[in-house]
Amino acid sequence: GWRGRPAAYILVAGYLAAKLTKTGTVGIIGAFAFPTQFVAHEGFKFGVYKANQETLRANRDATQVHCLETFTNTWFDTALGFEAAQAQMDQGADYIYITASGAGFGVIQAAEQTQTAKVIGSFVDMNPFAPDVVITSVERLADAPLAAMVYDIQTGRFVGKDYAFDLINGGTRLSPYHNFDSEIPQDVKDQVTTFQKNILDGKGAFIVPFVTAKLGGPTGCEAPIPAPTPVPTATP
C-alpha cells in the first residue's frame, strides 16, 4: 500500500504561516476529527509552535502566534468551508491551511471574496485555482513510492509493505510561491530553507508530539515561555 507521511512539510507550512502572519493568528480547516486529519493539523500546529519557540528565545515577552482549528464534518460542502473560513477570518486569521478537499474550495472562495486571508493548499499545487490567494501548497508526490514499488516488482523483491510519501524520499514538498515570491521577505524564505534543512539533517526535535495528545483533547500552538536569563552578579 501507499502511505502518506507529509507531516514534515506540513510542519514547514505552519512555520511559514507563523513567520508571515501580520495579525498573529493563523487557521486550519479540515473535514473530520479523526487521526489522519490530526496528523496534518498537528503537523501544521507544531510548525507554528517551533516558530513561536524561536521568537521567545529572542524575546521572552514577545506575542506568540495563535492557531484556530475548525472541522467542517464534510469533504464536499463548499458552503460550509466558506462559513468556516469567514468565521476564522472574523477572529483575525490571515493565513489558513486547508485539508478538507471539496470544502477547502469554499475556504479559497471566502479568501478571494474578502481578500482578508491567504491560503495554503493540500495534496496538489492549488495556486492555479486561485492565483491571488493560494500562496503555496503541501504537495504529495507519487513518483518516489511508485518508482520504489516498480523497482521491487522488476527485481523480484516485492512483498506486502507500505511505500511512504515523505520529506526524506521526495514524496512531499511545498509548491513554489508563484506570484507571491517577490512579496515574501527574503529573510523569511531563508529561515524556511534553514528550517527545512534542519529537519532533513535531523537537527532539533521535529517529531510531531501533538498527534497522540490530540486524542486527549484540544491542542494549541503556543510554546512555553523560557526562563529569564540569569543576570551575572558583580564580584566584590
# chains A, B, ... in the order shown; residues from 1 in each chain; ligands from 1

$ residues_around --residues "range 21-37 of chain A" --least-positions-apart "6" --cutoff "9 Å" --atoms "only C-alpha atoms" --output "PyMOL selection string"
chain A and resi 14+44-45+48+63-76+81+84-85+88-89+91-101+103-104+107+211-212+214-215

$ residues_around --residues "Val124 in chain A" --least-positions-apart "6" --cutoff "9 Å" --atoms "only C-alpha atoms" --output "ChimeraX atom specification"
/A:137-141,175

$ write_last_selection --atoms "N, CA, C and O atoms" --output "mmCIF file, in the first residue's frame"
data_model
loop_
_atom_site.group_PDB
_atom_site.id
_atom_site.type_symbol
_atom_site.label_atom_id
_atom_site.label_comp_id
_atom_site.auth_asym_id
_atom_site.auth_seq_id
_atom_site.Cartn_x
_atom_site.Cartn_y
_atom_site.Cartn_z
ATOM 1 N N SER A 137 1.325 25.259 -1.402
ATOM 2 C CA SER A 137 0.553 24.068 -1.040
ATOM 3 C C SER A 137 1.509 22.985 -0.574
ATOM 4 O O SER A 137 2.684 22.969 -0.946
ATOM 5 N N VAL A 138 0.994 22.074 0.248
ATOM 6 C CA VAL A 138 1.760 20.897 0.659
ATOM 7 C C VAL A 138 1.402 19.781 -0.319
ATOM 8 O O VAL A 138 0.332 19.190 -0.232
ATOM 9 N N GLU A 139 2.283 19.528 -1.271
ATOM 10 C CA GLU A 139 2.009 18.528 -2.301
ATOM 11 C C GLU A 139 2.406 17.128 -1.840
ATOM 12 O O GLU A 139 3.363 16.960 -1.082
ATOM 13 N N ARG A 140 1.662 16.136 -2.324
ATOM 14 C CA ARG A 140 2.028 14.738 -2.130
ATOM 15 C C ARG A 140 2.346 14.164 -3.510
ATOM 16 O O ARG A 140 1.506 14.195 -4.407
ATOM 17 N N LEU A 141 3.560 13.642 -3.658
ATOM 18 C CA LEU A 141 4.062 13.212 -4.955
ATOM 19 C C LEU A 141 4.168 11.690 -4.996
ATOM 20 O O LEU A 141 4.838 11.082 -4.153
ATOM 21 N N SER A 175 4.844 23.656 -2.672
ATOM 22 C CA SER A 175 4.775 24.206 -4.024
ATOM 23 C C SER A 175 5.568 25.510 -4.092
ATOM 24 O O SER A 175 5.826 26.147 -3.065
#

$ residues_around --residues "Leu56 in chain A" --least-positions-apart "3" --cutoff "12 Å" --atoms "only C-alpha atoms" --output "VMD selection string"
chain A and resid 49 to 53 59 to 65 222 to 228

$ atom_distance --atom1 "CA of Ile199 in chain A" --atom2 "CA of Gly171 in chain A"
14.8 Å

$ atom_distance --atom1 "CA of Gly220 in chain A" --atom2 "CA of His41 in chain A"
10.5 Å

$ select_by_dssp --residues "range 33-137 of chain A" --states "strand (DSSP E)" --output "VMD selection string"
chain A and resid 66 to 71 95 to 98 118 to 123 134 to 137

$ atom_distance --atom1 "CA of Tyr177 in chain A" --atom2 "CA of Val134 in chain A"
8.6 Å

$ select_by_dssp --residues "range 7-178 of chain A" --states "helix (DSSP H, G or I)" --output "ChimeraX atom specification"
/A:7-20,35-58,78-90,102-114,127-129,143-154,178

$ write_last_selection --atoms "C-alpha atoms" --output "mmCIF file, in the first residue's frame"
data_model
loop_
_atom_site.group_PDB
_atom_site.id
_atom_site.type_symbol
_atom_site.label_atom_id
_atom_site.label_comp_id
_atom_site.auth_asym_id
_atom_site.auth_seq_id
_atom_site.Cartn_x
_atom_site.Cartn_y
_atom_site.Cartn_z
ATOM 1 C CA ALA A 7 3.773 15.878 8.366
ATOM 2 C CA ALA A 8 7.331 17.210 7.969
ATOM 3 C CA TYR A 9 6.364 19.509 5.095
ATOM 4 C CA ILE A 10 3.111 20.438 6.807
ATOM 5 C CA LEU A 11 5.345 21.447 9.702
ATOM 6 C CA VAL A 12 7.274 23.694 7.270
ATOM 7 C CA ALA A 13 3.953 25.176 6.088
ATOM 8 C CA GLY A 14 2.972 26.022 9.670
ATOM 9 C CA TYR A 15 6.370 27.578 10.269
ATOM 10 C CA LEU A 16 5.975 29.674 7.110
ATOM 11 C CA ALA A 17 2.492 30.858 8.111
ATOM 12 C CA ALA A 18 3.751 31.853 11.562
ATOM 13 C CA LYS A 19 6.578 33.863 10.008
ATOM 14 C CA LEU A 20 4.234 35.649 7.589
ATOM 15 C CA PRO A 35 -6.401 10.533 13.235
ATOM 16 C CA THR A 36 -5.317 11.045 9.600
ATOM 17 C CA GLN A 37 -6.600 14.624 9.782
ATOM 18 C CA PHE A 38 -4.914 15.056 13.161
ATOM 19 C CA VAL A 39 -1.547 14.246 11.549
ATOM 20 C CA ALA A 40 -1.955 17.128 9.106
ATOM 21 C CA HIS A 41 -3.379 19.587 11.614
ATOM 22 C CA GLU A 42 -0.925 18.809 14.387
ATOM 23 C CA GLY A 43 1.985 18.960 11.940
ATOM 24 C CA PHE A 44 0.934 22.478 10.958
ATOM 25 C CA LYS A 45 0.454 23.479 14.595
ATOM 26 C CA PHE A 46 3.865 22.118 15.517
ATOM 27 C CA GLY A 47 5.441 24.271 12.794
ATOM 28 C CA VAL A 48 3.770 27.311 14.363
ATOM 29 C CA TYR A 49 4.947 26.103 17.784
ATOM 30 C CA LYS A 50 8.563 25.904 16.559
ATOM 31 C CA ALA A 51 8.319 29.440 15.142
ATOM 32 C CA ASN A 52 6.928 30.620 18.490
ATOM 33 C CA GLN A 53 9.861 28.942 20.241
ATOM 34 C CA GLU A 54 12.317 30.874 18.089
ATOM 35 C CA THR A 55 10.518 34.143 18.743
ATOM 36 C CA LEU A 56 10.513 33.604 22.504
ATOM 37 C CA ARG A 57 14.205 32.750 22.555
ATOM 38 C CA ALA A 58 14.888 36.136 21.013
ATOM 39 C CA THR A 78 -18.058 24.277 -0.187
ATOM 40 C CA ALA A 79 -20.626 26.423 1.638
ATOM 41 C CA LEU A 80 -19.537 25.012 4.997
ATOM 42 C CA GLY A 81 -15.891 25.598 4.064
ATOM 43 C CA PHE A 82 -16.770 29.192 3.156
ATOM 44 C CA GLU A 83 -18.539 29.699 6.509
ATOM 45 C CA ALA A 84 -15.637 28.167 8.454
ATOM 46 C CA ALA A 85 -13.151 30.444 6.705
ATOM 47 C CA GLN A 86 -15.304 33.519 7.266
ATOM 48 C CA ALA A 87 -15.550 32.682 10.979
ATOM 49 C CA GLN A 88 -11.777 32.297 11.271
ATOM 50 C CA MET A 89 -11.096 35.485 9.341
ATOM 51 C CA ASP A 90 -13.530 37.298 11.637
ATOM 52 C CA GLY A 102 -14.011 19.995 -1.653
ATOM 53 C CA ALA A 103 -14.867 22.082 1.382
ATOM 54 C CA GLY A 104 -11.425 23.634 1.022
ATOM 55 C CA PHE A 105 -12.533 25.303 -2.184
ATOM 56 C CA GLY A 106 -15.109 27.137 -0.088
ATOM 57 C CA VAL A 107 -12.216 28.437 2.021
ATOM 58 C CA ILE A 108 -10.492 29.634 -1.143
ATOM 59 C CA GLN A 109 -13.699 31.336 -2.312
ATOM 60 C CA ALA A 110 -14.029 33.165 1.008
ATOM 61 C CA ALA A 111 -10.416 34.324 0.819
ATOM 62 C CA GLU A 112 -10.937 35.525 -2.760
ATOM 63 C CA GLN A 113 -14.114 37.423 -1.955
ATOM 64 C CA THR A 114 -12.875 39.114 1.213
ATOM 65 C CA ASN A 127 -2.295 28.074 -6.856
ATOM 66 C CA PRO A 128 -3.738 27.688 -10.397
ATOM 67 C CA PHE A 129 -7.228 27.515 -8.871
ATOM 68 C CA ASP A 143 6.769 9.434 -8.103
ATOM 69 C CA ALA A 144 9.081 8.198 -5.345
ATOM 70 C CA PRO A 145 6.865 5.476 -3.814
ATOM 71 C CA LEU A 146 5.719 4.349 -7.284
ATOM 72 C CA ALA A 147 9.318 4.097 -8.517
ATOM 73 C CA ALA A 148 10.269 2.080 -5.414
ATOM 74 C CA MET A 149 7.319 -0.261 -5.931
ATOM 75 C CA VAL A 150 8.095 -0.800 -9.645
ATOM 76 C CA TYR A 151 11.751 -1.445 -8.822
ATOM 77 C CA ASP A 152 10.802 -4.074 -6.247
ATOM 78 C CA ILE A 153 8.484 -5.778 -8.734
ATOM 79 C CA GLN A 154 11.117 -5.765 -11.523
ATOM 80 C CA HIS A 178 4.441 31.661 -7.673
#
